[in-house]
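Q: The following file, upload38.cif, comprises mmCIF, C-alpha atoms:
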data_final
loop_
_atom_site.group_PDB
_atom_site.id
_atom_site.type_symbol
_atom_site.label_atom_id
_atom_site.label_comp_id
_atom_site.auth_asym_id
_atom_site.auth_seq_id
_atom_site.Cartn_x
_atom_site.Cartn_y
_atom_site.Cartn_z
ATOM 1 C CA MET G 635 -18.152 4.039 3.136
ATOM 2 C CA ALA G 636 -18.356 7.335 5.060
ATOM 3 C CA GLU G 637 -15.049 8.474 3.558
ATOM 4 C CA ALA G 638 -16.258 7.667 0.038
ATOM 5 C CA ILE G 639 -19.402 9.738 0.571
ATOM 6 C CA LEU G 640 -17.318 12.621 1.919
ATOM 7 C CA ALA G 641 -14.943 12.494 -1.036
ATOM 8 C CA GLY G 642 -17.808 12.740 -3.509
ATOM 9 C CA CYS G 643 -19.564 15.560 -1.710
ATOM 10 C CA LEU G 644 -16.403 17.598 -1.264
ATOM 11 C CA ASP G 645 -15.979 17.746 -5.034
ATOM 12 C CA GLN G 646 -19.072 19.930 -5.164
ATOM 13 C CA VAL G 647 -18.534 23.702 -4.842
ATOM 14 C CA ALA G 648 -20.112 25.261 -1.740
ATOM 15 C CA GLU G 649 -21.077 28.915 -1.834
ATOM 16 C CA GLY G 650 -21.575 30.936 1.313
ATOM 17 C CA THR G 651 -20.597 28.116 3.679
ATOM 18 C CA ALA G 652 -18.831 30.436 6.121
ATOM 19 C CA GLN G 653 -21.652 32.969 6.125
ATOM 20 C CA ARG G 654 -24.220 30.225 6.693
ATOM 21 C CA ALA G 655 -22.319 28.809 9.647
ATOM 22 C CA HIS G 656 -22.235 32.154 11.455
ATOM 23 C CA ARG G 657 -25.801 33.334 10.935
ATOM 24 C CA PHE G 658 -29.071 32.235 12.525
ATOM 25 C CA SER G 659 -31.077 29.789 10.472
ATOM 26 C CA ASP G 660 -34.659 30.410 9.417
ATOM 27 C CA LEU G 661 -37.253 29.193 11.934
ATOM 28 C CA ALA G 662 -40.210 29.406 9.555
ATOM 29 C CA HIS G 663 -40.782 25.625 9.541
ATOM 30 C CA TYR G 664 -41.268 25.580 13.335
ATOM 31 C CA THR G 665 -44.574 26.350 15.060
ATOM 32 C CA PHE G 666 -45.030 29.631 16.919
ATOM 33 C CA PHE G 667 -44.576 27.842 20.258
ATOM 34 C CA GLN G 668 -41.402 26.121 19.049
ATOM 35 C CA ARG G 669 -39.955 29.389 17.717
ATOM 36 C CA SER G 670 -40.665 31.095 21.031
ATOM 37 C CA SER G 671 -39.100 28.203 22.959
ATOM 38 C CA ILE G 672 -35.966 28.199 20.776
ATOM 39 C CA ARG G 673 -35.463 31.937 21.265
ATOM 40 C CA ALA G 674 -36.070 31.685 25.018
ATOM 41 C CA ALA G 675 -33.613 28.784 25.421
ATOM 42 C CA ASP G 676 -31.056 30.551 23.230
ATOM 43 C CA LEU G 677 -31.127 33.746 25.292
ATOM 44 C CA GLY G 678 -31.359 31.869 28.582
ATOM 45 C CA PHE G 679 -28.227 29.784 27.975
ATOM 46 C CA PHE G 680 -26.346 32.736 26.525
ATOM 47 C CA GLY G 681 -27.175 34.846 29.581
ATOM 48 C CA LEU G 682 -26.344 32.114 32.096
ATOM 49 C CA ILE G 683 -22.997 31.205 30.502
ATOM 50 C CA SER G 684 -22.047 34.880 30.143
ATOM 51 C CA LEU G 685 -23.005 35.712 33.729
ATOM 52 C CA ILE G 686 -21.165 32.835 35.398
ATOM 53 C CA GLY G 687 -18.316 32.584 32.866
ATOM 54 C CA ARG G 688 -17.056 36.105 33.487
ATOM 55 C CA THR G 689 -16.669 35.343 37.213
ATOM 56 C CA VAL G 690 -14.533 32.217 36.752
ATOM 57 C CA ARG G 691 -10.761 32.382 37.311
ATOM 58 C CA TYR G 692 -9.035 30.151 34.774
ATOM 59 C CA GLU G 693 -5.692 28.407 35.208
ATOM 60 C CA VAL G 694 -4.293 27.329 31.836
ATOM 61 C CA GLU G 695 -1.853 24.445 31.423
ATOM 62 C CA GLY G 696 -0.299 23.408 28.121
ATOM 63 C CA GLN G 697 -0.177 26.728 26.279
ATOM 64 C CA ALA G 698 2.831 25.410 24.332
ATOM 65 C CA HIS G 699 0.612 22.681 22.882
ATOM 66 C CA TRP G 700 -1.817 25.293 21.543
ATOM 67 C CA ASP G 701 1.151 27.133 20.032
ATOM 68 C CA ALA G 702 2.290 23.899 18.357
ATOM 69 C CA SER G 703 -1.184 23.285 16.919
ATOM 70 C CA THR G 704 -1.321 26.714 15.258
ATOM 71 C CA ARG G 705 2.075 26.792 13.539
ATOM 72 C CA ASN G 706 2.566 27.086 9.794
ATOM 73 C CA GLY G 707 -0.983 28.188 9.118
ATOM 74 C CA GLN G 708 -2.612 25.250 10.876
ATOM 75 C CA VAL G 709 -5.831 25.588 12.849
ATOM 76 C CA PRO G 710 -6.736 23.260 15.732
ATOM 77 C CA ILE G 711 -9.527 20.725 16.000
ATOM 78 C CA TYR G 712 -10.486 21.357 19.637
ATOM 79 C CA THR G 713 -11.620 18.080 21.197
ATOM 80 C CA PHE G 714 -13.195 17.653 24.635
ATOM 81 C CA TRP G 715 -15.848 15.804 26.637
ATOM 82 C CA HIS G 716 -19.502 16.821 26.398
ATOM 83 C CA ASP G 717 -19.788 17.659 30.111
ATOM 84 C CA CYS G 718 -17.208 20.452 29.646
ATOM 85 C CA ILE G 719 -19.417 22.506 27.288
ATOM 86 C CA PHE G 720 -20.330 25.267 29.745
ATOM 87 C CA LEU G 721 -16.844 26.557 30.563
ATOM 88 C CA SER G 722 -15.401 25.606 27.168
ATOM 89 C CA THR G 723 -17.991 27.738 25.401
ATOM 90 C CA TYR G 724 -17.056 30.784 27.441
ATOM 91 C CA PHE G 725 -13.266 30.311 27.416
ATOM 92 C CA TRP G 726 -12.887 29.808 23.640
ATOM 93 C CA ARG G 727 -15.454 32.452 22.602
ATOM 94 C CA GLN G 728 -14.967 34.903 19.715
ATOM 95 C CA ARG G 729 -12.402 32.769 17.859
ATOM 96 C CA GLY G 730 -14.546 31.732 14.887
ATOM 97 C CA ILE G 731 -14.517 28.061 15.939
ATOM 98 C CA VAL G 732 -16.999 25.867 14.066
ATOM 99 C CA VAL G 733 -19.035 23.330 16.054
ATOM 100 C CA MET G 734 -21.236 20.529 14.726
ATOM 101 C CA THR G 735 -24.901 20.839 15.722
ATOM 102 C CA SER G 736 -27.843 18.625 14.876
ATOM 103 C CA GLN G 737 -30.821 19.534 12.692
ATOM 104 C CA SER G 738 -33.307 19.325 15.538
ATOM 105 C CA PHE G 739 -35.163 21.503 18.017
ATOM 106 C CA ASP G 740 -32.338 21.160 20.591
ATOM 107 C CA GLY G 741 -29.698 21.658 17.913
ATOM 108 C CA GLU G 742 -31.286 24.924 16.821
ATOM 109 C CA TYR G 743 -31.184 26.722 20.161
ATOM 110 C CA ILE G 744 -27.683 25.365 20.811
ATOM 111 C CA ALA G 745 -26.557 26.720 17.432
ATOM 112 C CA ARG G 746 -28.011 30.117 18.264
ATOM 113 C CA PHE G 747 -26.441 30.635 21.664
ATOM 114 C CA ILE G 748 -23.004 29.464 20.519
ATOM 115 C CA GLN G 749 -23.240 31.801 17.528
ATOM 116 C CA ARG G 750 -23.778 34.657 19.984
ATOM 117 C CA PHE G 751 -20.382 33.721 21.444
ATOM 118 C CA GLY G 752 -18.732 33.962 18.022
ATOM 119 C CA TYR G 753 -18.876 30.289 17.020
ATOM 120 C CA GLY G 754 -20.031 28.843 13.729
ATOM 121 C CA ALA G 755 -22.591 26.032 13.548
ATOM 122 C CA ALA G 756 -22.118 23.272 10.972
ATOM 123 C CA ARG G 757 -25.508 21.668 10.493
ATOM 124 C CA GLY G 758 -25.168 20.066 7.079
ATOM 125 C CA SER G 759 -28.267 19.362 5.012
ATOM 126 C CA SER G 760 -31.438 17.624 6.103
ATOM 127 C CA THR G 761 -30.713 14.771 3.665
ATOM 128 C CA ARG G 762 -27.043 14.197 4.592
ATOM 129 C CA GLY G 763 -27.336 14.588 8.363
ATOM 130 C CA SER G 764 -24.064 14.371 10.299
ATOM 131 C CA VAL G 765 -22.100 13.551 7.126
ATOM 132 C CA GLY G 766 -23.242 16.879 5.689
ATOM 133 C CA ALA G 767 -22.122 18.661 8.852
ATOM 134 C CA VAL G 768 -18.663 17.068 8.624
ATOM 135 C CA ILE G 769 -18.447 18.169 4.992
ATOM 136 C CA GLU G 770 -19.187 21.746 6.044
ATOM 137 C CA MET G 771 -16.542 21.540 8.775
ATOM 138 C CA ILE G 772 -13.949 20.309 6.280
ATOM 139 C CA ARG G 773 -14.737 23.160 3.900
ATOM 140 C CA LEU G 774 -14.597 25.732 6.679
ATOM 141 C CA MET G 775 -11.284 24.396 7.994
ATOM 142 C CA ARG G 776 -9.846 24.624 4.498
ATOM 143 C CA GLN G 777 -10.822 28.298 4.648
ATOM 144 C CA GLY G 778 -8.794 28.690 7.846
ATOM 145 C CA GLN G 779 -11.475 28.310 10.517
ATOM 146 C CA PRO G 780 -10.805 26.053 13.520
ATOM 147 C CA ALA G 781 -13.295 23.366 14.552
ATOM 148 C CA ALA G 782 -14.437 21.747 17.788
ATOM 149 C CA PHE G 783 -15.880 18.363 18.727
ATOM 150 C CA THR G 784 -17.597 17.190 21.881
ATOM 151 C CA ILE G 785 -16.054 13.861 21.132
ATOM 152 C CA ASP G 786 -18.493 11.718 23.158
ATOM 153 C CA GLY G 787 -21.598 13.633 22.008
ATOM 154 C CA PRO G 788 -24.315 14.188 21.235
ATOM 155 C CA LYS G 789 -25.788 11.285 23.240
ATOM 156 C CA GLY G 790 -22.841 9.290 24.554
ATOM 157 C CA PRO G 791 -21.722 6.900 25.818
ATOM 158 C CA ARG G 792 -20.147 9.315 28.292
ATOM 159 C CA HIS G 793 -16.381 9.777 27.940
ATOM 160 C CA VAL G 794 -16.041 7.399 24.986
ATOM 161 C CA ALA G 795 -14.218 9.040 22.069
ATOM 162 C CA LYS G 796 -15.814 8.759 18.631
ATOM 163 C CA MET G 797 -14.124 8.975 15.246
ATOM 164 C CA GLY G 798 -15.263 12.424 14.015
ATOM 165 C CA ALA G 799 -12.204 14.459 15.007
ATOM 166 C CA VAL G 800 -9.836 11.804 13.619
ATOM 167 C CA LEU G 801 -11.626 11.834 10.258
ATOM 168 C CA LEU G 802 -11.564 15.639 10.164
ATOM 169 C CA ALA G 803 -7.830 15.674 10.955
ATOM 170 C CA LYS G 804 -7.147 13.227 8.133
ATOM 171 C CA LYS G 805 -9.187 15.192 5.594
ATOM 172 C CA THR G 806 -7.793 18.635 6.460
ATOM 173 C CA GLY G 807 -4.234 17.987 7.686
ATOM 174 C CA ASN G 808 -4.957 19.971 10.853
ATOM 175 C CA PRO G 809 -4.042 18.672 14.316
ATOM 176 C CA ILE G 810 -6.399 17.483 17.024
ATOM 177 C CA LEU G 811 -5.970 19.508 20.235
ATOM 178 C CA PRO G 812 -7.405 17.561 23.201
ATOM 179 C CA PHE G 813 -8.293 19.525 26.327
ATOM 180 C CA THR G 814 -10.377 19.382 29.463
ATOM 181 C CA VAL G 815 -11.657 22.106 31.767
ATOM 182 C CA THR G 816 -12.387 21.295 35.396
ATOM 183 C CA PRO G 817 -14.133 23.689 37.804
ATOM 184 C CA ALA G 818 -13.116 23.586 41.451
ATOM 185 C CA ARG G 819 -16.750 23.953 42.535
ATOM 186 C CA SER G 820 -19.739 23.017 40.429
ATOM 187 C CA TRP G 821 -23.173 21.481 40.169
ATOM 188 C CA SER G 822 -23.733 18.300 38.132
ATOM 189 C CA LEU G 823 -26.991 17.288 36.474
ATOM 190 C CA GLN G 824 -27.014 13.653 37.552
ATOM 191 C CA LYS G 825 -30.052 12.744 35.439
ATOM 192 C CA SER G 826 -28.411 13.854 32.181
ATOM 193 C CA TRP G 827 -26.464 11.231 30.236
ATOM 194 C CA ASP G 828 -23.203 13.185 30.593
ATOM 195 C CA THR G 829 -23.776 14.472 34.160
ATOM 196 C CA PHE G 830 -23.567 17.975 32.677
ATOM 197 C CA THR G 831 -21.385 20.311 34.766
ATOM 198 C CA ILE G 832 -22.346 23.867 35.692
ATOM 199 C CA PRO G 833 -19.598 25.822 37.491
ATOM 200 C CA LYS G 834 -20.479 27.779 40.583
ATOM 201 C CA PRO G 835 -19.944 31.554 40.346
ATOM 202 C CA PHE G 836 -16.469 32.855 41.250
ATOM 203 C CA THR G 837 -14.915 29.384 41.208
ATOM 204 C CA ARG G 838 -11.471 28.538 39.888
ATOM 205 C CA ALA G 839 -11.152 26.301 36.841
ATOM 206 C CA ARG G 840 -8.237 24.393 35.357
ATOM 207 C CA LEU G 841 -8.029 24.167 31.564
ATOM 208 C CA GLU G 842 -5.356 21.768 30.375
ATOM 209 C CA MET G 843 -4.342 21.083 26.790
ATOM 210 C CA ALA G 844 -2.378 18.042 25.627
ATOM 211 C CA GLN G 845 0.062 17.619 22.778
ATOM 212 C CA PRO G 846 -1.621 17.843 19.364
ATOM 213 C CA ILE G 847 -2.421 14.599 17.584
ATOM 214 C CA PHE G 848 -1.777 14.400 13.830
ATOM 215 C CA VAL G 849 -3.385 11.987 11.378
ATOM 216 C CA ARG G 850 -1.689 11.189 8.070
ATOM 217 C CA PRO G 851 -3.748 11.945 4.938
ATOM 218 C CA ASP G 852 -3.267 8.349 3.733
ATOM 219 C CA ALA G 853 -4.094 6.734 7.097
ATOM 220 C CA ASP G 854 -6.020 3.466 6.711
ATOM 221 C CA GLU G 855 -8.778 2.237 9.033
ATOM 222 C CA SER G 856 -6.408 0.555 11.481
ATOM 223 C CA GLU G 857 -4.267 3.677 11.818
ATOM 224 C CA MET G 858 -7.327 5.846 12.296
ATOM 225 C CA GLU G 859 -8.557 3.545 15.036
ATOM 226 C CA ALA G 860 -5.117 3.775 16.655
ATOM 227 C CA ARG G 861 -5.376 7.584 16.649
ATOM 228 C CA ARG G 862 -8.877 7.365 18.124
ATOM 229 C CA CYS G 863 -7.545 5.135 20.906
ATOM 230 C CA GLU G 864 -4.694 7.589 21.472
ATOM 231 C CA LEU G 865 -7.216 10.423 21.745
ATOM 232 C CA GLN G 866 -9.245 8.387 24.242
ATOM 233 C CA GLU G 867 -6.166 7.736 26.372
ATOM 234 C CA VAL G 868 -5.072 11.376 26.300
ATOM 235 C CA LEU G 869 -8.500 12.696 27.295
ATOM 236 C CA ASP G 870 -8.762 10.100 30.068
ATOM 237 C CA GLY G 871 -5.407 11.305 31.398
ATOM 238 C CA LEU G 872 -6.444 14.954 31.262
ATOM 239 C CA GLU G 873 -9.689 14.128 33.066
ATOM 240 C CA THR G 874 -7.792 12.288 35.818
ATOM 241 C CA ARG G 875 -5.393 15.177 36.342
ATOM 242 C CA GLY G 876 -8.261 17.634 36.441
ATOM 243 C CA GLN G 877 -10.082 15.648 39.105
ATOM 244 C CA GLU G 878 -6.874 15.287 41.121
ATOM 245 C CA TRP G 879 -6.417 19.063 40.965
ATOM 246 C CA ARG G 880 -9.987 19.559 42.158
ATOM 247 C CA ALA G 881 -9.571 17.060 44.994
ATOM 248 C CA GLY G 882 -6.340 18.744 46.074
ATOM 249 C CA LEU G 883 -8.082 22.090 46.348
ATOM 250 C CA SER G 884 -10.856 20.532 48.449
ATOM 251 C CA GLN G 885 -8.351 18.979 50.836
ATOM 252 C CA ARG G 886 -6.613 22.315 51.321
ATOM 253 C CA GLY G 887 -9.988 23.815 52.252
#
Please, can you express the file's structure as structure tokens?

A:
Amino acid sequence: MAEAILAGCLDQVAEGTAQRAHRFSDLAHYTFFQRSSIRAADLGFFGLISLIGRTVRYEVEGQAHWDASTRNGQVPIYTFWHDCIFLSTYFWRQRGIVVMTSQSFDGEYIARFIQRFGYGAARGSSTRGSVGAVIEMIRLMRQGQPAAFTIDGPKGPRHVAKMGAVLLAKKTGNPILPFTVTPARSWSLQKSWDTFTIPKPFTRARLEMAQPIFVRPDADESEMEARRCELQEVLDGLETRGQEWRAGLSQRG
């Protein structure tokens, strides 16, 4: 059903999709207090991520996999866990990557601070919801812009891969590039559903990319589920290696 809706909507011509994704949306329908709160949260997160992010020392593993995902005019579908947002946002900044955000109060300030880092925000329309956002991402990828998914977001369950990146890969022919980023020292928000991770200043961080995952354009439901399960397994493996790296650093003092 979702694929049928997407197919129909994609036949419509979209004007200004790229420009819309990279500019702030109008806040006129929010109250004065809400507008002030959105702007404060936007600037607060942008400042915090910028301040801490520039102090972090990254170690990158799997550069060859990124190279493989960008050959022959392809652009990656970056795919990672929701609790990696902080360091991922800073590391991949200024690359024109499009991220799905919700049409909500929280989604608005998130869209704004990621746009300050050079990302695009695919919101879709108020009537089509997340389907509309996926449609925008497909159109933008066809224009050569990469995309990103917090694959267990926006509300979990934590570290359970959903189907969005697989569907996008099928519709665009672009590869999924799974990655994780693990800080050596961090704080975790235990009361948040994803135990959101905030790196401590001047920490080391390991960013590891896996081999790209491709989805055939004629993949049926069973094949798509197989690719989703593959993505789950790959991200689980990356997470395990990241935690082992972190534990090894702790043991060495």

Q: What would the selection look like, as a ChimeraX atom specification, if the PyMOL selection byres ((chain G and resi 654) around 10) were run on the coordinates I just shared?

A: /G:649-653,655-659,754-757,770

Q: Applied to this file, what does the PyMOL selection byres ((chain G and resi 822-836) around 10) return in terms of residues, put as a JSON list (two decimals) with C-alpha atoms, in the coordinates of the input?

A:
[["chain", "number", "residue", "atom", "x", "y", "z"],
["G", 682, "LEU", "CA", -26.34, 32.11, 32.10],
["G", 683, "ILE", "CA", -23.00, 31.20, 30.50],
["G", 685, "LEU", "CA", -23.00, 35.71, 33.73],
["G", 686, "ILE", "CA", -21.16, 32.84, 35.40],
["G", 687, "GLY", "CA", -18.32, 32.58, 32.87],
["G", 688, "ARG", "CA", -17.06, 36.10, 33.49],
["G", 689, "THR", "CA", -16.67, 35.34, 37.21],
["G", 690, "VAL", "CA", -14.53, 32.22, 36.75],
["G", 691, "ARG", "CA", -10.76, 32.38, 37.31],
["G", 715, "TRP", "CA", -15.85, 15.80, 26.64],
["G", 716, "HIS", "CA", -19.50, 16.82, 26.40],
["G", 717, "ASP", "CA", -19.79, 17.66, 30.11],
["G", 718, "CYS", "CA", -17.21, 20.45, 29.65],
["G", 719, "ILE", "CA", -19.42, 22.51, 27.29],
["G", 720, "PHE", "CA", -20.33, 25.27, 29.74],
["G", 721, "LEU", "CA", -16.84, 26.56, 30.56],
["G", 786, "ASP", "CA", -18.49, 11.72, 23.16],
["G", 787, "GLY", "CA", -21.60, 13.63, 22.01],
["G", 788, "PRO", "CA", -24.32, 14.19, 21.24],
["G", 789, "LYS", "CA", -25.79, 11.28, 23.24],
["G", 790, "GLY", "CA", -22.84, 9.29, 24.55],
["G", 791, "PRO", "CA", -21.72, 6.90, 25.82],
["G", 792, "ARG", "CA", -20.15, 9.32, 28.29],
["G", 793, "HIS", "CA", -16.38, 9.78, 27.94],
["G", 816, "THR", "CA", -12.39, 21.30, 35.40],
["G", 817, "PRO", "CA", -14.13, 23.69, 37.80],
["G", 818, "ALA", "CA", -13.12, 23.59, 41.45],
["G", 819, "ARG", "CA", -16.75, 23.95, 42.54],
["G", 820, "SER", "CA", -19.74, 23.02, 40.43],
["G", 821, "TRP", "CA", -23.17, 21.48, 40.17],
["G", 837, "THR", "CA", -14.92, 29.38, 41.21],
["G", 838, "ARG", "CA", -11.47, 28.54, 39.89],
["G", 839, "ALA", "CA", -11.15, 26.30, 36.84]]

Q: If I take CA of Gly696 (chain G) and CA of Glu867 (chain G), how far is one from the other in Å, to one decimal?

A: 16.8 Å

Q: To one decimal in Å, tell me the separation between CA of Gln779 (chain G) and CA of Gly752 (chain G).

A: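 Taking CA of Gln779 (chain G) and CA of Gly752 (chain G), their separation equals 11.9 Å.
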
Q: When distances are computed from all atoms listed in the file, which of G:Gly741, G:Gly807, G:Gly882, G:Pro812 shows the smallest separation from Asn706 (chain G)?

A: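 Result for the nearest residue to Asn706 (chain G): G:Gly807.
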
Q: To one decimal place in Å, what is the distance between CA of Met775 (chain G) and CA of Thr735 (chain G)?

A: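 Separation of CA of Met775 (chain G) and CA of Thr735 (chain G): 16.1 Å.
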
Q: From the options G:Leu661, G:Ile711, G:Met843, G:Ile672, which residue's atoms come nearest to Gly871 (chain G), counting all atoms listed in the file?

A: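 Ranked by minimum distance to Gly871 (chain G), first place goes to G:Met843.
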
Q: Within 8 Å of (-4.3, 12.3, 11.6), in the coordinates the file gives, what residues turn up when you count only C-alpha atoms, written out as JSON, numbers by chain?

A: {"G": [800, 801, 803, 804, 807, 808, 809, 810, 847, 848, 849, 850, 851, 853, 858, 861]}

Q: Could those selected residues go to a file with C-alpha atoms, as a PDB file, in the coordinates of the input?

A:
ATOM      1  CA  VAL G 800      -9.836  11.804  13.619  1.00  0.00           C
ATOM      2  CA  LEU G 801     -11.626  11.834  10.258  1.00  0.00           C
ATOM      3  CA  ALA G 803      -7.830  15.674  10.955  1.00  0.00           C
ATOM      4  CA  LYS G 804      -7.147  13.227   8.133  1.00  0.00           C
ATOM      5  CA  GLY G 807      -4.234  17.987   7.686  1.00  0.00           C
ATOM      6  CA  ASN G 808      -4.957  19.971  10.853  1.00  0.00           C
ATOM      7  CA  PRO G 809      -4.042  18.672  14.316  1.00  0.00           C
ATOM      8  CA  ILE G 810      -6.399  17.483  17.024  1.00  0.00           C
ATOM      9  CA  ILE G 847      -2.421  14.599  17.584  1.00  0.00           C
ATOM     10  CA  PHE G 848      -1.777  14.400  13.830  1.00  0.00           C
ATOM     11  CA  VAL G 849      -3.385  11.987  11.378  1.00  0.00           C
ATOM     12  CA  ARG G 850      -1.689  11.189   8.070  1.00  0.00           C
ATOM     13  CA  PRO G 851      -3.748  11.945   4.938  1.00  0.00           C
ATOM     14  CA  ALA G 853      -4.094   6.734   7.097  1.00  0.00           C
ATOM     15  CA  MET G 858      -7.327   5.846  12.296  1.00  0.00           C
ATOM     16  CA  ARG G 861      -5.376   7.584  16.649  1.00  0.00           C
TER      17      ARG G 861
END

Q: Write out as a ChimeraX atom specification each polymer residue whose atoms come within 9 Å of Tyr712 (chain G), counting only C-alpha atoms; drop sequence neighbours fewer than 4 positions from it.

A: /G:731,780-784,799,809-813

Q: Taking into account only C-alpha atoms, which residue in the set G:Leu774, G:Val694, G:Phe739, G:Gly678 is nearest to Thr665 (chain G)?

A: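 The shortest atom-to-atom distance to Thr665 (chain G) comes from G:Phe739.
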
Q: From the options G:Leu883, G:Ile748, G:Ala674, G:Ile772, which residue's atoms come nearest to Val709 (chain G), counting all atoms listed in the file?

A: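 Comparing G:Leu883, G:Ile748, G:Ala674, G:Ile772 against Val709 (chain G), the winner is G:Ile772.
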
Q: Write out as a list in words which residues come within 8 Å of Glu695 (chain G) when counting only C-alpha atoms, dropping same-chain ones fewer than 4 positions away.

A: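 Contacts, with the query itself left out: Arg840, Leu841, Glu842 and Met843 of chain G.
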